[in-house]
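*Asks:* Pasting a structure here, questions to come.
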Amino acid sequence: MNRSRMGRAARIAGLVAGIAAASTVAFAACGSSSSTSATPTKAGGTTPAAGTTAAATKAVTTPASGGSTIPSDVGKSDSAKLTGAGATFPAPLYTRWFSDYKASVAPGVEVNYQAIGSGGGVKQITERTVDFGASDAPLSDAELAKAAGVQHIPTTLGAVVMTYNLDGVTAPLKLDGDTIAKIYLGKITKWNDAAIAGQNSGVALPSTDITVVHRSDGSGTSYVFTDYLSAVSADWKGGPGTSKNPQWPVGLGGNGNDGVTQQVKQNKNSIGYVELIYANSNKLPVALLKNKTGEYMTATSASTSLAAAGVTLPADYRVSIVNSGAAGAYPMASFTYILLYKDQQDAVKAKALVDFLWWAVHDGQKTNATLDYAPLPKDVVTAVEKTLLTDITSGGKPVLKAQ
């Protein structure tokens, strides 16, 4: 590995280790909630280095602003303490963003984010105990009924990957969705099962039992994983189905992406699903997944972005992009969302939060690929600009104003 890759790996490992430490210290874990299925439209231990995202000065002109410009560092004079809670899926990126934003744009804005899982984030924003929530799973109709007025803001795209701990196997395994579903249903129990061996010609697979690892908390990563399995397996769709907290037929539980990662590392012959950065930072192998066009794909920023190609984005952004039919697309990909109320009660906090989001969907996107996430497509950024400009209000007036 060359020096630049070693340095990047070390930075990512530090971010993930920081998330894990924060889960037990500064980000004291709150209880997460179980959830019903959503109904979207189908289609180490240290603070990360600040200042690594260039200072934001670009002026953004949008149709929604009436031709006026809004600099991406619009929040440079803000001063507020914001609290948020939710998904572990984007937590390494959010941690980096909060640090960079404070260091290079708004020194008066502090963000305390609790990486407690999407279920916990939905629970806390519903109860209004945080300024914003975070979830990889869009809220279901039932959840929205309890949190009337919540707005989804997509922030990045990420890949959920199958990682494993299998002695003697050095080449990346190839897996299709039906095989993964059967493993998690307990129908495939041996590593040398014909369904796995048939996709991995020439690989000496052991005859050992498969140790299945899944999330134990209400999780957006689980939502994306089960949404994918429901799309490719009738048995899964008619059984556990799509959920942040399904009834798992088999397996060991781990809390958060970090908990699943550690379970896989500690258990020989195991398999689990995590967000890409958690596998890469822990030097765990990642399987190639067969997509809808028959290609076995590696999860990368580019293949994850392709999963959103041709997707019609609904007005509320609740959309599934798993099992994309686009050539070259990675099949287990998802948007992840910040959740906030359209009508904000505290005008000062509202301005700080919306100004940060404006920066995040512009200058903040430069960081995504460096941490194994994918930047938002241009059409999504354009849609989010309009939402931030016109739909988020305080006292009946738009929070974000053209300059």
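Following the order of the structure tokens, chains are lettered A, B, ..., residues in each are numbered from 1, and ligands are numbered from 1.
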Can you list, as a ChimeraX atom specification, every protein, DNA or RNA residue that comes within 12 Å of A:Gln151 when you count only C-alpha atoms, leaving out same-chain residues fewer than 2 positions away?

*Replies:* /A:122,125-126,132-135,138-139,144,147-149,153-154,315-318,337-344,354,384,387-388,391-393

*Asks:* Out of stretch 87-219 of chain A, which residues get strand (DSSP E or B) from DSSP, as a PyMOL selection string?

*Replies:* chain A and resi 109-115+132-135+150-165+174-175+190+209+211-215

*Asks:* What's the 7 Å shell around stretch 103-112 of chain A, counting only C-alpha atoms, without same-chain residues fewer than 2 positions away, as a PyMOL selection string?

*Replies:* chain A and resi 50-51+55-56+73+75-84+98-101+114

*Asks:* May I have the residues within 10 Å of A:Ser219 as a PyMOL selection string, using only C-alpha atoms and disregarding those fewer than 2 positions away in the same chain?

*Replies:* chain A and resi 32-35+86-89+116-121+135-137+215-217+221-225+243-246+255-257

*Asks:* Write the residues you've just listed into a file as an mmCIF file, in the first residue's frame, and include C-alpha atoms for each of them.

*Replies:*
```cif
data_model
loop_
_atom_site.group_PDB
_atom_site.id
_atom_site.type_symbol
_atom_site.label_atom_id
_atom_site.label_comp_id
_atom_site.auth_asym_id
_atom_site.auth_seq_id
_atom_site.Cartn_x
_atom_site.Cartn_y
_atom_site.Cartn_z
ATOM 1 C CA SER A 32 -33.444 2.991 20.116
ATOM 2 C CA SER A 33 -36.914 2.086 19.058
ATOM 3 C CA SER A 34 -38.259 -0.714 16.952
ATOM 4 C CA SER A 35 -40.066 0.401 13.851
ATOM 5 C CA GLY A 86 -29.460 8.783 14.858
ATOM 6 C CA ALA A 87 -27.802 6.710 12.184
ATOM 7 C CA THR A 88 -24.363 5.151 12.596
ATOM 8 C CA PHE A 89 -24.257 4.610 8.794
ATOM 9 C CA ILE A 116 -27.336 5.637 18.365
ATOM 10 C CA GLY A 117 -28.919 4.116 15.262
ATOM 11 C CA SER A 118 -31.699 5.280 12.954
ATOM 12 C CA GLY A 119 -34.423 3.925 15.240
ATOM 13 C CA GLY A 120 -33.153 6.086 18.076
ATOM 14 C CA GLY A 121 -32.853 9.110 15.795
ATOM 15 C CA SER A 135 -31.886 8.004 9.519
ATOM 16 C CA ASP A 136 -30.939 5.844 6.552
ATOM 17 C CA ALA A 137 -34.530 4.628 6.381
ATOM 18 C CA ARG A 215 -27.784 -5.578 14.100
ATOM 19 C CA SER A 216 -29.380 -5.780 17.530
ATOM 20 C CA ASP A 217 -30.699 -2.201 17.526
ATOM 21 C CA THR A 221 -28.424 -0.131 7.889
ATOM 22 C CA SER A 222 -30.730 -3.068 8.656
ATOM 23 C CA TYR A 223 -33.502 -1.273 6.773
ATOM 24 C CA VAL A 224 -31.336 -0.951 3.653
ATOM 25 C CA PHE A 225 -30.164 -4.568 3.987
ATOM 26 C CA SER A 243 -37.687 -3.163 8.605
ATOM 27 C CA LYS A 244 -35.241 -1.268 10.777
ATOM 28 C CA ASN A 245 -35.689 -3.944 13.440
ATOM 29 C CA PRO A 246 -36.837 -7.227 11.866
ATOM 30 C CA ASN A 255 -25.055 -2.841 18.440
ATOM 31 C CA GLY A 256 -24.366 -0.332 15.701
ATOM 32 C CA ASN A 257 -22.207 -0.789 12.614
#
```

*Asks:* Which one is closest to A:Val286: A:Asn192, A:Ser207, A:Asn368, A:Thr261? Count only C-alpha atoms.

*Replies:*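 Closest candidate: A:Thr261.
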
*Asks:* Taking into account only C-alpha atoms, which residue in the set A:Ala383, A:Val130, A:Ser140, A:Leu157 is nearest to A:Thr242?

*Replies:*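 The closest residue to A:Thr242 is A:Ser140.
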